[in-house]
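Q: Below you'll find the structure I mean.
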Number of protein chains: 2
Amino acid sequence: MQRYFIEGTVSLNEDCVMDEKHIHHIKNVMRAKTGDEFNVVDSTGSAYLVRLTDIDPVTYTVLESLQAEVELPIDITLYSPLLKGDKMDVVIQKSTELGVHEFILYKADRSVVKLNGKKEASRLSRYEKIAREAAEQSRRTKIPAISFAGSLKAVDFTKYDLVLFAYEDNNLTGRSIKDVLKEYNAKTAAVVFGPEGGFTEAEAALFGTYENVALGRRILRAETAPLYALSVIGSYYE
Amino acid sequence: MQRYFIEGTVSLNEDCVMDEKHIHHIKNVMRAKTGDEFNVVDSTGSAYLVRLTDIDPVTYTVLESLQAEVELPIDITLYSPLLKGDKMDVVIQKSTELGVHEFILYKADRSVVKLNGKKEASRLSRYEKIAREAAEQSRRTKIPAISFAGSLKAVDFTKYDLVLFAYEDNNLTGRSIKDVLKEYNAKTAAVVFGPEGGFTEAEAALFGTYENVALGRRILRAETAPLYALSVIGSYYE
């Protein structure tokens, strides 16, 4: 069933006018008719089943509250450098489906992609659109936040309960993600991935005291590694 | 380190002339020089470290046998319908990185993409190239086989130790992949996914006696579902 993230909050049996930004999708993509049902998620993350009562303006009545918990019980912040071509789009879309809480796109020492401020703003709005659509399609109740950051050494990782660091050079010696999760009762975790060319030694040294994890025995591409990690983390809790 | 899949077998200390199909990559992509080292994997799946001894013809000497086990201890055959656009490429590439044994591309009742025999042949050769490159890049010792099949009802699933079936309509009631793997001592498994529009009831009914698994609490796209399943299966064994 189609799902829309709306501004503000709604209550049961309330009649509501749909936010302007979803009108085009409802009228022209879904070609919705009065009586059609869909889901809305309000700004507090509560999901509802609603029914369309009018098309002009687009109005719906709130039928019932949807209780199913679709979010992970741990907030995962994914640290990834900007990746080349459409790989970043793939990571944003699929990580959102897999339940990520937040994306922080940092500048790796070996980052290939460099953006100026203006380009950053337009990329951000593209990524936010991809994340919102993926959250709707996968029936989530949260849209992951996305932001750009400087280099890894400027990040305060002490604010997370757990920091997982996937270092290709140690892939066979790193610990398994499941074993690490078992040891921590973490509510928040940062998962840090490197660029196509890997971390520099200076970057790797920043994570000396954190958990170096292995991503299986094969070498995964930069855009596959986060999807593996998020799948494994999700399956641990679900 | 670069890795090439070669025809035939090699032995330690042997001097070998490189297969014609890799010459272009070695000379023009890697711009290799005498003394450079790389890996070859022979037709039995044995991996070796080798050193280039001549460029014309491209010749190498076999230095040592590489013992690291990079293949999954279970042969996973992925059943997927042909997906739209470049989604099939993504599934082939990433599933290969994640250790899949074989791909069987079947005709789903709701398949959107339909190919005639000539197009099938050209697609097959593209997919085989993607799988070979992904196997090389992820340092595997096997290249997954790929073939086209008819509808699901013509497939003999009894030949697998275990059959996992991911049915979106039962996503919240299906069992977890880990729990199912624990119960079976499977050496071979089929993992069956549906098309963008989902399975028909007739297709779902074929799997009544097999294991219906859940892929987490969110709804995954057709091309994300296999990546989740393979990640979780890999992490169970590794």
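By order of appearance in the structure tokens: chains A, B, ..., then residues from 1 within every chain, and ligands from 1 in the order shown.
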Could you pull out the residues in range 162-237 of chain B that DSSP calls alpha helix (DSSP H) from the backbone, as a PyMOL selection string?
A: chain B and resi 177-183+201-205+225-237
Q: So that I have them on file, write out the residues from the current selection with C-alpha atoms, as a tab-separated table (two decimals), in the first residue's frame.
A:
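That gives us again30.tsv:
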```tsv
chain	number	residue	atom	x	y	z
B	177	ILE	CA	16.72	-17.32	7.69
B	178	LYS	CA	19.08	-18.07	10.59
B	179	ASP	CA	16.53	-20.25	12.38
B	180	VAL	CA	15.89	-22.22	9.21
B	181	LEU	CA	19.60	-22.74	8.48
B	182	LYS	CA	20.11	-23.98	12.04
B	183	GLU	CA	17.54	-26.71	11.52
B	201	GLU	CA	-1.05	-17.25	-5.78
B	202	ALA	CA	-0.42	-20.16	-8.13
B	203	GLU	CA	3.34	-19.64	-7.81
B	204	ALA	CA	3.19	-19.24	-4.04
B	205	ALA	CA	1.20	-22.48	-3.79
B	225	ALA	CA	15.85	-8.94	-1.34
B	226	PRO	CA	18.50	-11.37	-2.71
B	227	LEU	CA	21.31	-9.19	-1.35
B	228	TYR	CA	19.76	-9.23	2.12
B	229	ALA	CA	19.26	-13.01	2.02
B	230	LEU	CA	22.80	-13.74	0.77
B	231	SER	CA	24.34	-11.40	3.37
B	232	VAL	CA	22.45	-13.13	6.16
B	233	ILE	CA	23.29	-16.61	4.86
B	234	GLY	CA	26.97	-15.65	4.51
B	235	SER	CA	27.15	-14.22	8.01
B	236	TYR	CA	25.57	-17.38	9.43
B	237	TYR	CA	28.46	-19.50	8.14
```
Q: Please build the interface table for chain B against chain A with a cut-off of 7 Å, listing for each qualifying residue the nearest atom pair and the distance in Å to one decimal; count only C-alpha atoms, order rows by chain and increasing number, and write it as a tab-separated table.
A:
```
residue	atom	partner	partner_atom	distance
B:Val70	CA	A:Arg217	CA	5.1
B:Lys94	CA	A:Thr224	CA	6.7
B:Glu97	CA	A:Leu220	CA	6.0
B:Ser138	CA	A:Ile219	CA	4.2
B:Arg139	CA	A:Arg218	CA	6.1
B:Arg140	CA	A:Arg218	CA	6.6
B:Gly216	CA	A:Glu238	CA	5.9
B:Arg217	CA	A:Val70	CA	5.1
B:Arg218	CA	A:Ser138	CA	5.2
B:Ile219	CA	A:Ser138	CA	4.3
B:Leu220	CA	A:Ser138	CA	5.9
B:Thr224	CA	A:Lys94	CA	6.7
B:Tyr228	CA	A:Ser231	CA	5.2
B:Ser231	CA	A:Tyr228	CA	5.2
B:Val232	CA	A:Val232	CA	5.4
B:Gly234	CA	A:Gly216	CA	6.7
B:Ser235	CA	A:Gly216	CA	6.5
B:Glu238	CA	A:Gly216	CA	5.9
```
Q: Can you spit out the residues from that selection as a CSV table (one decimal), in the first residue's frame, using all heavy atoms?
A:
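Saved as selection18.csv:
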```csv
chain,number,residue,atom,x,y,z
B,70,VAL,N,37.5,-18.9,0.5
B,70,VAL,CA,36.6,-17.8,0.3
B,70,VAL,C,35.2,-18.1,-0.1
B,70,VAL,O,34.4,-17.3,-0.2
B,70,VAL,CB,37.2,-16.8,-0.8
B,70,VAL,CG1,38.5,-16.2,-0.3
B,70,VAL,CG2,37.5,-17.5,-2.1
B,94,LYS,N,26.4,-8.1,-7.4
B,94,LYS,CA,26.5,-8.1,-5.9
B,94,LYS,C,26.3,-9.5,-5.3
B,94,LYS,O,26.9,-9.9,-4.3
B,94,LYS,CB,25.5,-7.1,-5.3
B,94,LYS,CG,25.5,-5.8,-6.0
B,94,LYS,CD,25.9,-4.6,-5.1
B,94,LYS,CE,26.3,-3.4,-5.9
B,94,LYS,NZ,27.7,-3.7,-6.5
B,97,GLU,N,29.6,-11.2,-5.5
B,97,GLU,CA,30.4,-10.7,-4.4
B,97,GLU,C,30.1,-11.4,-3.1
B,97,GLU,O,30.9,-11.7,-2.3
B,97,GLU,CB,30.3,-9.2,-4.2
B,97,GLU,CG,30.8,-8.4,-5.3
B,97,GLU,CD,30.5,-6.9,-5.0
B,97,GLU,OE1,31.0,-6.4,-4.0
B,97,GLU,OE2,29.8,-6.3,-5.8
B,138,SER,N,36.2,-9.8,-6.2
B,138,SER,CA,35.9,-10.2,-4.8
B,138,SER,C,36.9,-11.3,-4.4
B,138,SER,O,36.7,-11.8,-3.3
B,138,SER,CB,34.5,-10.5,-4.6
B,138,SER,OG,34.1,-11.6,-5.5
B,139,ARG,N,37.8,-11.8,-5.3
B,139,ARG,CA,38.8,-12.8,-5.0
B,139,ARG,C,38.1,-14.2,-4.7
B,139,ARG,O,38.6,-14.9,-3.8
B,139,ARG,CB,39.7,-12.4,-3.8
B,139,ARG,CG,40.3,-11.0,-4.1
B,139,ARG,CD,41.5,-10.8,-3.2
B,139,ARG,NE,41.8,-9.3,-3.3
B,139,ARG,CZ,42.4,-8.7,-2.4
B,139,ARG,NH1,42.9,-9.3,-1.3
B,139,ARG,NH2,42.7,-7.4,-2.5
B,140,ARG,N,37.1,-14.5,-5.5
B,140,ARG,CA,36.5,-15.8,-5.3
B,140,ARG,C,37.3,-16.8,-6.1
B,140,ARG,O,38.1,-16.5,-7.0
B,140,ARG,CB,35.1,-15.8,-5.9
B,140,ARG,CG,34.2,-15.0,-4.9
B,140,ARG,CD,32.7,-15.2,-5.3
B,140,ARG,NE,32.4,-16.6,-5.3
B,140,ARG,CZ,31.1,-17.0,-5.6
B,140,ARG,NH1,30.2,-16.2,-5.9
B,140,ARG,NH2,30.9,-18.3,-5.5
B,216,GLY,N,13.3,-9.5,7.2
B,216,GLY,CA,13.2,-8.3,8.0
B,216,GLY,C,11.9,-7.7,8.0
B,216,GLY,O,10.9,-8.2,7.3
B,217,ARG,N,11.7,-6.5,8.7
B,217,ARG,CA,10.3,-6.0,8.8
B,217,ARG,C,9.9,-5.0,7.8
B,217,ARG,O,8.8,-4.5,7.8
B,217,ARG,CB,10.2,-5.4,10.2
B,217,ARG,CG,10.5,-6.4,11.3
B,217,ARG,CD,9.7,-6.0,12.6
B,217,ARG,NE,10.1,-6.9,13.7
B,217,ARG,CZ,11.0,-6.5,14.6
B,217,ARG,NH1,11.4,-5.3,14.7
B,217,ARG,NH2,11.3,-7.4,15.6
B,218,ARG,N,10.9,-4.6,7.0
B,218,ARG,CA,10.6,-3.6,5.9
B,218,ARG,C,10.3,-4.4,4.6
B,218,ARG,O,10.7,-5.5,4.5
B,218,ARG,CB,11.7,-2.6,5.8
B,218,ARG,CG,11.8,-1.7,7.1
B,218,ARG,CD,13.2,-1.1,7.3
B,218,ARG,NE,14.2,-2.2,7.5
B,218,ARG,CZ,14.3,-2.9,8.6
B,218,ARG,NH1,13.6,-2.6,9.6
B,218,ARG,NH2,15.2,-3.9,8.7
B,219,ILE,N,9.7,-3.7,3.7
B,219,ILE,CA,9.5,-4.3,2.4
B,219,ILE,C,10.7,-4.0,1.5
B,219,ILE,O,10.9,-2.8,1.2
B,219,ILE,CB,8.2,-3.7,1.7
B,219,ILE,CG1,7.0,-4.0,2.6
B,219,ILE,CG2,8.0,-4.3,0.3
B,219,ILE,CD1,6.7,-5.5,2.9
B,220,LEU,N,11.4,-5.0,1.0
B,220,LEU,CA,12.5,-4.8,0.2
B,220,LEU,C,12.2,-4.8,-1.3
B,220,LEU,O,11.3,-5.6,-1.7
B,220,LEU,CB,13.6,-5.8,0.5
B,220,LEU,CG,14.1,-5.9,1.9
B,220,LEU,CD1,15.1,-7.0,2.1
B,220,LEU,CD2,14.6,-4.6,2.4
B,224,THR,N,16.8,-5.8,-4.0
B,224,THR,CA,17.5,-5.8,-2.7
B,224,THR,C,17.3,-7.1,-1.9
B,224,THR,O,18.2,-7.5,-1.1
B,224,THR,CB,16.9,-4.6,-1.8
B,224,THR,OG1,16.8,-3.4,-2.7
B,224,THR,CG2,17.7,-4.3,-0.6
B,228,TYR,N,20.0,-9.0,0.7
B,228,TYR,CA,19.8,-9.2,2.1
B,228,TYR,C,19.9,-10.7,2.5
B,228,TYR,O,20.7,-11.1,3.4
B,228,TYR,CB,18.4,-8.8,2.5
B,228,TYR,CG,18.0,-9.1,3.9
B,228,TYR,CD1,18.2,-8.1,4.9
B,228,TYR,CD2,17.4,-10.3,4.2
B,228,TYR,CE1,17.8,-8.4,6.3
B,228,TYR,CE2,17.0,-10.6,5.6
B,228,TYR,CZ,17.2,-9.6,6.6
B,228,TYR,OH,16.9,-9.9,7.9
B,231,SER,N,23.5,-12.0,2.3
B,231,SER,CA,24.3,-11.4,3.4
B,231,SER,C,24.1,-12.2,4.7
B,231,SER,O,25.0,-12.5,5.4
B,231,SER,CB,24.0,-9.9,3.6
B,231,SER,OG,24.3,-9.2,2.4
B,232,VAL,N,22.8,-12.4,4.9
B,232,VAL,CA,22.5,-13.1,6.2
B,232,VAL,C,22.9,-14.6,6.1
B,232,VAL,O,23.5,-15.1,7.1
B,232,VAL,CB,20.9,-13.0,6.4
B,232,VAL,CG1,20.5,-13.9,7.6
B,232,VAL,CG2,20.5,-11.6,6.6
B,234,GLY,N,25.5,-15.7,4.4
B,234,GLY,CA,27.0,-15.7,4.5
B,234,GLY,C,27.4,-15.4,6.0
B,234,GLY,O,28.3,-16.1,6.5
B,235,SER,N,26.7,-14.5,6.6
B,235,SER,CA,27.1,-14.2,8.0
B,235,SER,C,26.8,-15.4,9.0
B,235,SER,O,27.5,-15.5,10.0
B,235,SER,CB,26.5,-12.9,8.5
B,235,SER,OG,25.2,-13.2,9.0
B,238,GLU,N,30.0,-17.6,8.2
B,238,GLU,CA,31.3,-17.0,8.3
B,238,GLU,C,31.5,-16.2,9.6
B,238,GLU,O,32.5,-15.6,9.8
B,238,GLU,CB,31.6,-16.2,7.1
B,238,GLU,CG,31.5,-17.1,5.8
B,238,GLU,CD,31.7,-16.3,4.5
B,238,GLU,OE1,31.5,-15.0,4.5
B,238,GLU,OE2,32.0,-16.9,3.5
```
Q: Give me, please, the distance in Å between CA of Thr59 in chain A and CA of Pro144 in chain A, quoted to one decimal.
A: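 Taking CA of Thr59 in chain A and CA of Pro144 in chain A, their separation equals 27.1 Å.
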Q: State, in Å with one decimal place, the distance from CA of Asp156 in chain B to CA of Lys142 in chain B.
A: 24.0 Å
Q: Which distance in Å separates CA of Tyr4 in chain B and CA of Tyr106 in chain B, to one decimal?
A: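 Between CA of Tyr4 in chain B and CA of Tyr106 in chain B the gap is 29.6 Å.
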Q: Do you know which residues are at most 10 Å from Thr158 in chain B counting only C-alpha atoms, after dropping those on the same chain fewer than 3 positions away, and could you put them as a list of chain:residue names?
A: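 Result of the neighbour search: B:Val155, B:Asp161, B:Leu162, B:Val163, B:Ala190, B:Tyr210.
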Q: Keeping only N, CA, C and O atoms, write the selected residues as a CSV table (one decimal), in the first residue's frame.
A:
```csv
chain,number,residue,atom,x,y,z
B,155,VAL,N,10.4,-26.5,-12.5
B,155,VAL,CA,11.6,-26.7,-11.8
B,155,VAL,C,11.5,-27.9,-10.8
B,155,VAL,O,10.5,-27.9,-10.0
B,161,ASP,N,18.8,-29.6,-0.8
B,161,ASP,CA,18.6,-30.0,0.6
B,161,ASP,C,17.6,-29.1,1.3
B,161,ASP,O,17.0,-29.4,2.2
B,162,LEU,N,17.6,-27.8,0.8
B,162,LEU,CA,16.7,-26.8,1.4
B,162,LEU,C,16.2,-25.8,0.4
B,162,LEU,O,17.0,-25.5,-0.5
B,163,VAL,N,15.0,-25.4,0.5
B,163,VAL,CA,14.4,-24.4,-0.4
B,163,VAL,C,13.8,-23.3,0.4
B,163,VAL,O,12.9,-23.5,1.3
B,190,ALA,N,18.2,-23.7,-2.6
B,190,ALA,CA,17.6,-22.8,-3.6
B,190,ALA,C,17.0,-21.7,-2.8
B,190,ALA,O,16.3,-21.9,-1.8
B,210,TYR,N,7.7,-25.9,1.5
B,210,TYR,CA,9.1,-25.4,1.7
B,210,TYR,C,9.1,-24.3,2.7
B,210,TYR,O,8.1,-23.9,3.3
```
Q: Considering only C-alpha atoms, can you say which of A:Glu168, A:Glu7, A:Asp42, A:Asp36 comes closest to Pro195 in chain A?
A: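 Closest residue, counting only C-alpha atoms: A:Glu168.
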Q: Might you pull out every residue within 12 Å of range 197-200 of chain A, with only C-alpha atoms counted and same-chain residues fewer than 6 positions away left off, and present them as a count of residues only?
A: 27
Q: What's the 10 Å shell around Leu12 in chain B, counting only C-alpha atoms, without same-chain residues fewer than 6 positions away, as a list in words?
A: Tyr48, Leu49, Val50, Thr61, Val62, Leu63, Glu64 and Ser65 of chain B
Q: If we count only C-alpha atoms, what is near range 116-129 of chain B at a cut-off of 10 Å, once residues fewer than 6 positions away on the same chain are taken out, given as a PDB file with all heavy atoms, in the first residue's frame?
A:
```pdb
ATOM      1  N   MET B  88      18.933  -6.175 -12.875  1.00  0.00           N
ATOM      2  CA  MET B  88      19.466  -7.531 -13.003  1.00  0.00           C
ATOM      3  C   MET B  88      20.993  -7.508 -12.910  1.00  0.00           C
ATOM      4  O   MET B  88      21.595  -8.374 -12.269  1.00  0.00           O
ATOM      5  CB  MET B  88      19.028  -8.112 -14.353  1.00  0.00           C
ATOM      6  CG  MET B  88      19.125  -9.617 -14.411  1.00  0.00           C
ATOM      7  SD  MET B  88      17.747 -10.398 -13.516  1.00  0.00           S
ATOM      8  CE  MET B  88      18.635 -11.213 -12.192  1.00  0.00           C
ATOM      9  N   ASP B  89      21.610  -6.497 -13.532  1.00  0.00           N
ATOM     10  CA  ASP B  89      23.070  -6.351 -13.450  1.00  0.00           C
ATOM     11  C   ASP B  89      23.505  -6.228 -11.988  1.00  0.00           C
ATOM     12  O   ASP B  89      24.494  -6.830 -11.565  1.00  0.00           O
ATOM     13  CB  ASP B  89      23.548  -5.087 -14.185  1.00  0.00           C
ATOM     14  CG  ASP B  89      23.264  -5.134 -15.683  1.00  0.00           C
ATOM     15  OD1 ASP B  89      22.629  -6.106 -16.148  1.00  0.00           O
ATOM     16  OD2 ASP B  89      23.672  -4.191 -16.386  1.00  0.00           O
ATOM     17  N   VAL B  91      21.937  -7.276  -9.300  1.00  0.00           N
ATOM     18  CA  VAL B  91      21.762  -8.550  -8.587  1.00  0.00           C
ATOM     19  C   VAL B  91      22.887  -9.525  -8.946  1.00  0.00           C
ATOM     20  O   VAL B  91      23.449 -10.181  -8.073  1.00  0.00           O
ATOM     21  CB  VAL B  91      20.379  -9.166  -8.891  1.00  0.00           C
ATOM     22  CG1 VAL B  91      20.289 -10.595  -8.376  1.00  0.00           C
ATOM     23  CG2 VAL B  91      19.283  -8.315  -8.265  1.00  0.00           C
ATOM     24  N   ILE B  92      23.230  -9.607 -10.228  1.00  0.00           N
ATOM     25  CA  ILE B  92      24.288 -10.542 -10.651  1.00  0.00           C
ATOM     26  C   ILE B  92      25.627 -10.135 -10.019  1.00  0.00           C
ATOM     27  O   ILE B  92      26.339 -10.949  -9.440  1.00  0.00           O
ATOM     28  CB  ILE B  92      24.438 -10.552 -12.198  1.00  0.00           C
ATOM     29  CG1 ILE B  92      23.118 -10.917 -12.888  1.00  0.00           C
ATOM     30  CG2 ILE B  92      25.606 -11.446 -12.637  1.00  0.00           C
ATOM     31  CD1 ILE B  92      22.842 -12.362 -13.086  1.00  0.00           C
ATOM     32  N   GLN B  93      25.957  -8.852 -10.123  1.00  0.00           N
ATOM     33  CA  GLN B  93      27.252  -8.411  -9.603  1.00  0.00           C
ATOM     34  C   GLN B  93      27.353  -8.602  -8.091  1.00  0.00           C
ATOM     35  O   GLN B  93      28.309  -9.184  -7.584  1.00  0.00           O
ATOM     36  CB  GLN B  93      27.477  -6.930  -9.950  1.00  0.00           C
ATOM     37  CG  GLN B  93      28.838  -6.433  -9.524  1.00  0.00           C
ATOM     38  CD  GLN B  93      28.966  -4.928  -9.669  1.00  0.00           C
ATOM     39  OE1 GLN B  93      28.312  -4.165  -8.971  1.00  0.00           O
ATOM     40  NE2 GLN B  93      29.798  -4.502 -10.588  1.00  0.00           N
ATOM     41  N   PHE B 103      23.001 -18.875 -10.675  1.00  0.00           N
ATOM     42  CA  PHE B 103      21.793 -18.075 -10.939  1.00  0.00           C
ATOM     43  C   PHE B 103      20.883 -18.835 -11.899  1.00  0.00           C
ATOM     44  O   PHE B 103      21.365 -19.296 -12.947  1.00  0.00           O
ATOM     45  CB  PHE B 103      22.136 -16.763 -11.651  1.00  0.00           C
ATOM     46  CG  PHE B 103      22.948 -15.806 -10.833  1.00  0.00           C
ATOM     47  CD1 PHE B 103      24.331 -15.767 -10.957  1.00  0.00           C
ATOM     48  CD2 PHE B 103      22.334 -14.930  -9.949  1.00  0.00           C
ATOM     49  CE1 PHE B 103      25.093 -14.864 -10.218  1.00  0.00           C
ATOM     50  CE2 PHE B 103      23.089 -14.028  -9.207  1.00  0.00           C
ATOM     51  CZ  PHE B 103      24.463 -13.994  -9.346  1.00  0.00           C
ATOM     52  N   LEU B 105      17.490 -17.824 -13.957  1.00  0.00           N
ATOM     53  CA  LEU B 105      16.579 -16.714 -14.257  1.00  0.00           C
ATOM     54  C   LEU B 105      15.319 -17.317 -14.880  1.00  0.00           C
ATOM     55  O   LEU B 105      15.338 -17.762 -16.026  1.00  0.00           O
ATOM     56  CB  LEU B 105      17.271 -15.729 -15.197  1.00  0.00           C
ATOM     57  CG  LEU B 105      18.661 -15.277 -14.712  1.00  0.00           C
ATOM     58  CD1 LEU B 105      19.335 -14.359 -15.723  1.00  0.00           C
ATOM     59  CD2 LEU B 105      18.588 -14.602 -13.347  1.00  0.00           C
ATOM     60  N   ALA B 135      33.557 -11.959  -9.638  1.00  0.00           N
ATOM     61  CA  ALA B 135      34.259 -13.062  -8.958  1.00  0.00           C
ATOM     62  C   ALA B 135      35.746 -12.737  -8.839  1.00  0.00           C
ATOM     63  O   ALA B 135      36.371 -12.965  -7.799  1.00  0.00           O
ATOM     64  CB  ALA B 135      34.054 -14.371  -9.717  1.00  0.00           C
ATOM     65  N   ILE B 143      33.317 -19.054 -10.435  1.00  0.00           N
ATOM     66  CA  ILE B 143      32.438 -18.102 -11.120  1.00  0.00           C
ATOM     67  C   ILE B 143      31.046 -18.724 -11.120  1.00  0.00           C
ATOM     68  O   ILE B 143      30.882 -19.867 -11.560  1.00  0.00           O
ATOM     69  CB  ILE B 143      32.892 -17.880 -12.571  1.00  0.00           C
ATOM     70  CG1 ILE B 143      34.363 -17.440 -12.599  1.00  0.00           C
ATOM     71  CG2 ILE B 143      32.013 -16.833 -13.248  1.00  0.00           C
ATOM     72  CD1 ILE B 143      34.918 -17.317 -14.003  1.00  0.00           C
ATOM     73  N   PRO B 144      30.022 -18.014 -10.641  1.00  0.00           N
ATOM     74  CA  PRO B 144      28.682 -18.596 -10.619  1.00  0.00           C
ATOM     75  C   PRO B 144      28.193 -18.915 -12.036  1.00  0.00           C
ATOM     76  O   PRO B 144      28.427 -18.134 -12.962  1.00  0.00           O
ATOM     77  CB  PRO B 144      27.818 -17.491 -10.004  1.00  0.00           C
ATOM     78  CG  PRO B 144      28.768 -16.584  -9.315  1.00  0.00           C
ATOM     79  CD  PRO B 144      30.069 -16.680 -10.053  1.00  0.00           C
ATOM     80  N   ALA B 145      27.540 -20.062 -12.203  1.00  0.00           N
ATOM     81  CA  ALA B 145      26.905 -20.393 -13.478  1.00  0.00           C
ATOM     82  C   ALA B 145      25.600 -19.613 -13.589  1.00  0.00           C
ATOM     83  O   ALA B 145      24.985 -19.272 -12.581  1.00  0.00           O
ATOM     84  CB  ALA B 145      26.621 -21.886 -13.538  1.00  0.00           C
ATOM     85  N   ILE B 146      25.213 -19.300 -14.829  1.00  0.00           N
ATOM     86  CA  ILE B 146      23.966 -18.547 -15.057  1.00  0.00           C
ATOM     87  C   ILE B 146      23.190 -19.259 -16.153  1.00  0.00           C
ATOM     88  O   ILE B 146      23.768 -19.646 -17.173  1.00  0.00           O
ATOM     89  CB  ILE B 146      24.267 -17.107 -15.517  1.00  0.00           C
ATOM     90  CG1 ILE B 146      25.230 -16.421 -14.540  1.00  0.00           C
ATOM     91  CG2 ILE B 146      22.972 -16.305 -15.665  1.00  0.00           C
ATOM     92  CD1 ILE B 146      25.637 -15.020 -14.948  1.00  0.00           C
ATOM     93  N   SER B 147      21.886 -19.450 -15.962  1.00  0.00           N
ATOM     94  CA  SER B 147      21.074 -20.015 -17.043  1.00  0.00           C
ATOM     95  C   SER B 147      19.655 -19.468 -16.973  1.00  0.00           C
ATOM     96  O   SER B 147      19.234 -18.934 -15.948  1.00  0.00           O
ATOM     97  CB  SER B 147      21.063 -21.543 -16.974  1.00  0.00           C
ATOM     98  OG  SER B 147      20.597 -21.952 -15.714  1.00  0.00           O
ATOM     99  N   PHE B 148      18.960 -19.602 -18.081  1.00  0.00           N
ATOM    100  CA  PHE B 148      17.553 -19.206 -18.136  1.00  0.00           C
ATOM    101  C   PHE B 148      16.682 -20.448 -17.958  1.00  0.00           C
ATOM    102  O   PHE B 148      17.063 -21.547 -18.375  1.00  0.00           O
ATOM    103  CB  PHE B 148      17.232 -18.557 -19.484  1.00  0.00           C
ATOM    104  CG  PHE B 148      17.768 -17.162 -19.605  1.00  0.00           C
ATOM    105  CD1 PHE B 148      19.010 -16.923 -20.168  1.00  0.00           C
ATOM    106  CD2 PHE B 148      17.039 -16.081 -19.128  1.00  0.00           C
ATOM    107  CE1 PHE B 148      19.516 -15.634 -20.270  1.00  0.00           C
ATOM    108  CE2 PHE B 148      17.531 -14.789 -19.226  1.00  0.00           C
ATOM    109  CZ  PHE B 148      18.780 -14.565 -19.800  1.00  0.00           C
TER     110      PHE B 148
END
```
